[in-house]
>>> print(open('coords-v6.cif').read())   # mmCIF, N, CA and C atoms and all ligand atoms
data_my_file
loop_
_atom_site.label_atom_id
_atom_site.label_comp_id
_atom_site.auth_asym_id
_atom_site.auth_seq_id
_atom_site.Cartn_x
_atom_site.Cartn_y
_atom_site.Cartn_z
N MET A 6 159.55 187.87 131.55
CA MET A 6 160.71 187.44 132.36
C MET A 6 161.86 187.03 131.42
N ASN A 7 163.01 187.34 131.82
CA ASN A 7 164.20 186.98 131.02
C ASN A 7 164.46 185.48 131.12
N ASP A 8 164.43 184.81 129.98
CA ASP A 8 164.60 183.36 130.04
C ASP A 8 166.07 182.96 130.16
N LEU A 9 166.96 183.95 130.25
CA LEU A 9 168.37 183.63 130.41
C LEU A 9 168.80 183.74 131.86
N GLU A 10 167.84 183.78 132.75
CA GLU A 10 168.19 183.71 134.15
C GLU A 10 167.44 182.53 134.77
N CYS A 11 168.04 182.01 135.83
CA CYS A 11 167.45 180.87 136.53
C CYS A 11 166.08 181.25 137.06
N HIS A 12 165.06 180.44 136.80
CA HIS A 12 163.72 180.82 137.25
C HIS A 12 163.55 180.63 138.75
N ARG A 13 164.52 179.99 139.41
CA ARG A 13 164.41 179.82 140.86
C ARG A 13 165.14 180.93 141.61
N CYS A 14 166.41 181.17 141.27
CA CYS A 14 167.21 182.12 142.07
C CYS A 14 167.62 183.35 141.27
N ARG A 15 167.27 183.37 139.97
CA ARG A 15 167.55 184.52 139.10
C ARG A 15 169.03 184.70 138.77
N ARG A 16 169.85 183.68 139.01
CA ARG A 16 171.23 183.76 138.57
C ARG A 16 171.25 183.76 137.05
N SER A 17 172.11 184.59 136.48
CA SER A 17 172.20 184.62 135.03
C SER A 17 172.75 183.31 134.50
N LEU A 18 172.08 182.74 133.51
CA LEU A 18 172.55 181.50 132.93
C LEU A 18 173.63 181.76 131.89
N ARG A 19 173.93 183.02 131.68
CA ARG A 19 174.99 183.37 130.73
C ARG A 19 176.30 183.62 131.44
N ALA A 20 176.32 183.50 132.74
CA ALA A 20 177.53 183.81 133.50
C ALA A 20 178.72 183.01 132.98
N GLY A 21 179.79 183.69 132.74
CA GLY A 21 181.01 183.01 132.35
C GLY A 21 180.95 182.34 131.00
N THR A 22 180.31 182.97 130.02
CA THR A 22 180.19 182.34 128.71
C THR A 22 181.51 181.95 128.07
N PRO A 23 182.59 182.72 128.24
CA PRO A 23 183.85 182.28 127.60
C PRO A 23 184.43 181.04 128.28
N ASP A 24 183.89 180.72 129.43
CA ASP A 24 184.39 179.59 130.21
C ASP A 24 183.92 178.26 129.60
N PRO A 25 184.81 177.26 129.59
CA PRO A 25 184.41 175.95 129.07
C PRO A 25 183.20 175.36 129.81
N SER A 26 183.04 175.73 131.08
CA SER A 26 181.95 175.16 131.86
C SER A 26 180.60 175.68 131.37
N ALA A 27 180.60 176.73 130.53
CA ALA A 27 179.34 177.26 130.01
C ALA A 27 178.59 176.21 129.21
N ARG A 28 179.34 175.22 128.70
CA ARG A 28 178.66 174.15 127.96
C ARG A 28 177.64 173.46 128.85
N ALA A 29 178.07 173.18 130.08
CA ALA A 29 177.16 172.50 131.00
C ALA A 29 176.02 173.43 131.40
N ILE A 30 176.34 174.72 131.53
CA ILE A 30 175.28 175.67 131.87
C ILE A 30 174.22 175.68 130.77
N ARG A 31 174.66 175.64 129.53
CA ARG A 31 173.69 175.62 128.44
C ARG A 31 172.81 174.38 128.51
N ARG A 32 173.44 173.25 128.86
CA ARG A 32 172.64 172.03 128.94
C ARG A 32 171.59 172.11 130.04
N THR A 33 171.94 172.80 131.14
CA THR A 33 170.97 172.87 132.23
C THR A 33 169.90 173.90 131.93
N ARG A 34 170.06 174.69 130.87
CA ARG A 34 169.05 175.68 130.56
C ARG A 34 167.74 175.03 130.15
N GLY A 35 167.79 173.77 129.79
CA GLY A 35 166.58 173.10 129.36
C GLY A 35 165.45 173.21 130.37
N ASN A 36 165.77 173.13 131.64
CA ASN A 36 164.71 173.24 132.64
C ASN A 36 164.75 174.59 133.35
N GLY A 37 165.54 175.52 132.84
CA GLY A 37 165.54 176.88 133.37
C GLY A 37 166.20 177.05 134.72
N LEU A 38 167.00 176.07 135.11
CA LEU A 38 167.68 176.16 136.40
C LEU A 38 169.18 176.33 136.20
N CYS A 39 169.80 177.12 137.08
CA CYS A 39 171.24 177.26 137.05
C CYS A 39 171.89 176.04 137.73
N PRO A 40 173.18 175.86 137.57
CA PRO A 40 173.84 174.70 138.20
C PRO A 40 173.62 174.62 139.71
N ASP A 41 173.60 175.77 140.39
CA ASP A 41 173.38 175.75 141.84
C ASP A 41 172.03 175.11 142.17
N CYS A 42 171.03 175.50 141.42
CA CYS A 42 169.67 175.01 141.72
C CYS A 42 169.49 173.57 141.25
N VAL A 43 170.15 173.20 140.18
CA VAL A 43 170.10 171.80 139.75
C VAL A 43 170.70 170.92 140.84
N LEU A 44 171.82 171.37 141.40
CA LEU A 44 172.45 170.61 142.48
C LEU A 44 171.54 170.55 143.70
N THR A 45 170.92 171.70 144.04
CA THR A 45 170.02 171.74 145.20
C THR A 45 168.88 170.75 145.03
N TYR A 46 168.28 170.77 143.85
CA TYR A 46 167.17 169.86 143.56
C TYR A 46 167.61 168.41 143.73
N PHE A 47 168.78 168.13 143.18
CA PHE A 47 169.35 166.79 143.25
C PHE A 47 169.57 166.36 144.71
N LEU A 48 170.21 167.24 145.49
CA LEU A 48 170.55 166.90 146.87
C LEU A 48 169.31 166.76 147.75
N GLN A 49 168.33 167.63 147.53
CA GLN A 49 167.13 167.60 148.37
C GLN A 49 166.28 166.37 148.11
N ASN A 50 166.47 165.74 146.98
CA ASN A 50 165.63 164.60 146.63
C ASN A 50 166.31 163.25 146.78
N LEU A 51 167.50 163.27 147.37
CA LEU A 51 168.18 162.01 147.65
C LEU A 51 167.73 161.51 149.03
N ASP A 52 167.08 160.37 149.04
CA ASP A 52 166.56 159.86 150.31
C ASP A 52 167.63 159.67 151.37
N VAL A 53 168.82 159.23 150.94
CA VAL A 53 169.87 158.96 151.91
C VAL A 53 170.35 160.24 152.60
N LEU A 54 170.09 161.39 152.00
CA LEU A 54 170.57 162.65 152.59
C LEU A 54 169.48 163.40 153.35
N ARG A 55 168.27 162.94 153.26
CA ARG A 55 167.16 163.68 153.86
C ARG A 55 167.41 163.96 155.34
N ARG A 56 167.93 162.95 156.05
CA ARG A 56 168.15 163.14 157.48
C ARG A 56 169.28 164.14 157.75
N VAL A 57 170.24 164.20 156.84
CA VAL A 57 171.34 165.17 156.99
C VAL A 57 170.78 166.59 156.99
N TRP A 58 169.88 166.87 156.06
CA TRP A 58 169.33 168.24 155.98
C TRP A 58 168.48 168.53 157.21
N GLN A 59 167.74 167.52 157.70
CA GLN A 59 166.88 167.75 158.85
C GLN A 59 167.71 168.00 160.11
N GLU A 60 168.81 167.27 160.26
CA GLU A 60 169.58 167.37 161.49
C GLU A 60 170.64 168.47 161.47
N HIS A 61 171.22 168.70 160.31
CA HIS A 61 172.34 169.64 160.24
C HIS A 61 172.08 170.85 159.37
N GLY A 62 171.11 170.76 158.49
CA GLY A 62 170.82 171.86 157.59
C GLY A 62 171.82 171.92 156.46
N PRO A 63 171.56 172.81 155.49
CA PRO A 63 172.40 172.90 154.30
C PRO A 63 173.81 173.43 154.58
N GLU A 64 174.03 173.95 155.81
CA GLU A 64 175.35 174.52 156.14
C GLU A 64 176.47 173.49 156.01
N VAL A 65 176.13 172.20 156.10
CA VAL A 65 177.18 171.18 155.95
C VAL A 65 177.83 171.27 154.57
N LEU A 66 177.14 171.90 153.62
CA LEU A 66 177.70 172.03 152.26
C LEU A 66 178.93 172.94 152.24
N ARG A 67 179.14 173.69 153.33
CA ARG A 67 180.33 174.56 153.40
C ARG A 67 181.57 173.76 153.78
N LEU A 68 181.40 172.55 154.26
CA LEU A 68 182.55 171.76 154.71
C LEU A 68 183.33 171.23 153.51
N PRO A 69 184.66 171.44 153.52
CA PRO A 69 185.47 171.01 152.37
C PRO A 69 185.32 169.54 152.04
N HIS A 70 185.26 168.66 153.05
CA HIS A 70 185.19 167.24 152.72
C HIS A 70 183.83 166.87 152.12
N VAL A 71 182.80 167.63 152.49
CA VAL A 71 181.49 167.40 151.88
C VAL A 71 181.52 167.81 150.41
N GLN A 72 182.15 168.97 150.15
CA GLN A 72 182.25 169.44 148.76
C GLN A 72 183.08 168.49 147.92
N THR A 73 184.12 167.91 148.52
CA THR A 73 184.94 166.94 147.79
C THR A 73 184.10 165.73 147.41
N HIS A 74 183.28 165.28 148.36
CA HIS A 74 182.43 164.12 148.09
C HIS A 74 181.43 164.43 146.97
N ILE A 75 180.82 165.61 147.05
CA ILE A 75 179.84 166.00 146.02
C ILE A 75 180.52 166.09 144.66
N ALA A 76 181.76 166.58 144.65
CA ALA A 76 182.48 166.71 143.38
C ALA A 76 182.65 165.36 142.70
N THR A 77 182.87 164.31 143.49
CA THR A 77 183.02 162.99 142.87
C THR A 77 181.70 162.52 142.27
N VAL A 78 180.60 162.94 142.90
CA VAL A 78 179.29 162.59 142.33
C VAL A 78 179.03 163.40 141.07
N LEU A 79 179.38 164.69 141.13
CA LEU A 79 179.13 165.57 139.98
C LEU A 79 179.90 165.13 138.74
N ASN A 80 181.03 164.49 138.96
CA ASN A 80 181.82 164.06 137.82
C ASN A 80 181.08 163.03 136.96
N ARG A 81 180.03 162.47 137.51
CA ARG A 81 179.24 161.51 136.72
C ARG A 81 177.97 162.15 136.17
N THR A 82 177.86 163.47 136.31
CA THR A 82 176.66 164.16 135.82
C THR A 82 177.05 165.21 134.80
N GLN A 83 176.06 165.98 134.35
CA GLN A 83 176.33 167.04 133.39
C GLN A 83 176.92 168.28 134.05
N LEU A 84 176.95 168.31 135.37
CA LEU A 84 177.50 169.47 136.06
C LEU A 84 178.98 169.27 136.32
N THR A 85 179.71 170.37 136.41
CA THR A 85 181.11 170.30 136.82
C THR A 85 181.25 171.04 138.14
N PRO A 86 182.08 170.52 139.04
CA PRO A 86 182.19 171.10 140.39
C PRO A 86 182.51 172.59 140.35
N GLY A 87 183.28 173.05 139.38
CA GLY A 87 183.66 174.45 139.32
C GLY A 87 182.51 175.40 139.10
N GLU A 88 181.39 174.89 138.63
CA GLU A 88 180.23 175.74 138.38
C GLU A 88 179.43 176.02 139.63
N ILE A 89 179.67 175.24 140.66
CA ILE A 89 178.82 175.32 141.84
C ILE A 89 179.35 176.37 142.80
N ASP A 90 178.46 177.28 143.20
CA ASP A 90 178.78 178.27 144.22
C ASP A 90 178.04 177.84 145.49
N TYR A 91 178.78 177.19 146.40
CA TYR A 91 178.12 176.59 147.55
C TYR A 91 177.49 177.63 148.48
N GLU A 92 178.07 178.82 148.51
CA GLU A 92 177.46 179.86 149.34
C GLU A 92 176.07 180.20 148.82
N ARG A 93 175.92 180.21 147.50
CA ARG A 93 174.60 180.49 146.92
C ARG A 93 173.65 179.32 147.16
N VAL A 94 174.19 178.10 147.08
CA VAL A 94 173.35 176.94 147.32
C VAL A 94 172.78 177.00 148.74
N VAL A 95 173.63 177.34 149.72
CA VAL A 95 173.18 177.43 151.10
C VAL A 95 172.20 178.59 151.27
N ALA A 96 172.54 179.75 150.70
CA ALA A 96 171.70 180.94 150.86
C ALA A 96 170.32 180.75 150.24
N ASN A 97 170.27 179.99 149.14
CA ASN A 97 169.00 179.83 148.42
C ASN A 97 168.32 178.51 148.72
N TRP A 98 168.82 177.80 149.73
CA TRP A 98 168.36 176.43 150.00
C TRP A 98 166.84 176.34 150.12
N ASN A 99 166.22 177.32 150.77
CA ASN A 99 164.80 177.22 151.05
C ASN A 99 163.90 177.85 150.00
N LEU A 100 164.50 178.32 148.91
CA LEU A 100 163.66 178.78 147.81
C LEU A 100 162.91 177.56 147.27
N PRO A 101 161.67 177.76 146.85
CA PRO A 101 160.94 176.61 146.31
C PRO A 101 161.57 176.12 145.02
N VAL A 102 161.59 174.83 144.85
CA VAL A 102 162.05 174.23 143.61
C VAL A 102 160.83 173.69 142.88
N SER A 103 160.51 174.29 141.78
CA SER A 103 159.33 173.81 141.05
C SER A 103 159.67 172.53 140.31
N LYS A 104 158.73 171.66 140.26
CA LYS A 104 158.93 170.41 139.54
C LYS A 104 159.08 170.72 138.05
N GLU A 105 159.93 169.91 137.42
CA GLU A 105 160.09 170.11 135.99
C GLU A 105 158.81 169.73 135.26
N GLU A 106 158.52 170.53 134.27
CA GLU A 106 157.30 170.25 133.51
C GLU A 106 157.51 169.10 132.53
ZN ZN B 1 169.30 179.06 140.30
#
>>> encode(input="coords-v6.cif", output="structure tokens")
Amino acid sequence: MNDLECHRCRRSLRAGTPDPSARAIRRTRGNGLCPDCVLTYFLQNLDVLRRVWQEHGPEVLRLPHVQTHIATVLNRTQLTPGEIDYERVVANWNLPVSKEE
């Protein structure tokens, strides 16, 4: 298997290498997940959001004000909001997320 693709959704981890955001992508390569999947893992494991996913599903991630809120959270992490493709996050929401080894 190509270790330069996300082991969950197969997104290339080399996408946009000339882009400054590639720095963050490289950092997330440690656990083999792309930024979309790192965000998914993060969101699915926040207790305060669990009821949101049960009642509304991941489609709420398409709402601009939700993305704005997430962006403020991401600014305190290794991810940058520009790296996140919310359509992919929603589409891949139910793919299994393996625990980090
Ligand atoms: Zn992925």
>>> residues_near_ligand(input="coords-v6.cif", ligand="ligand ZN 1 (chain B)", cutoff="7 Å", atoms="only C-alpha atoms and all ligand atoms", output="MDAnalysis selection string")
chainID A and resid 11:16 38:42
>>> atom_distance(input="coords-v6.cif", atom1="atom C of Gly37 (chain A)", atom2="atom C of Glu10 (chain A)")
5.6 Å
>>> atom_distance(input="coords-v6.cif", atom1="CA of Asn97 (chain A)", atom2="atom C of Ser17 (chain A)")
14.8 Å
>>> atom_distance(input="coords-v6.cif", atom1="atom N of Ile75 (chain A)", atom2="atom N of Ala96 (chain A)")
16.8 Å
>>> axis_aligned_box(input="coords-v6.cif", around="region 74-84 of chain A", padding_each_side="3 Å", output="JSON")
{"center_x": 179.7, "center_y": 165.5, "center_z": 140.9, "size_x": 13.2, "size_y": 14.0, "size_z": 21.0}
>>> closest_residue(input="coords-v6.cif", among="A:Val43, A:Leu66, A:Val57, A:Leu9", to="Tyr91 (chain A)", atoms="all atoms listed in the file")
A:Leu66
>>> residues_around(input="coords-v6.cif", residues="Ile89 (chain A)", least_positions_apart="3", cutoff="8 Å", atoms="only N, CA and C atoms", output="MDAnalysis selection string")
chainID A and resid 40:42 44 84:86 92:94
>>> closest_residue(input="coords-v6.cif", among="A:Thr45, A:Asn50, A:Asn80, A:Gln59", to="Trp98 (chain A)", atoms="all atoms listed in the file")
A:Thr45
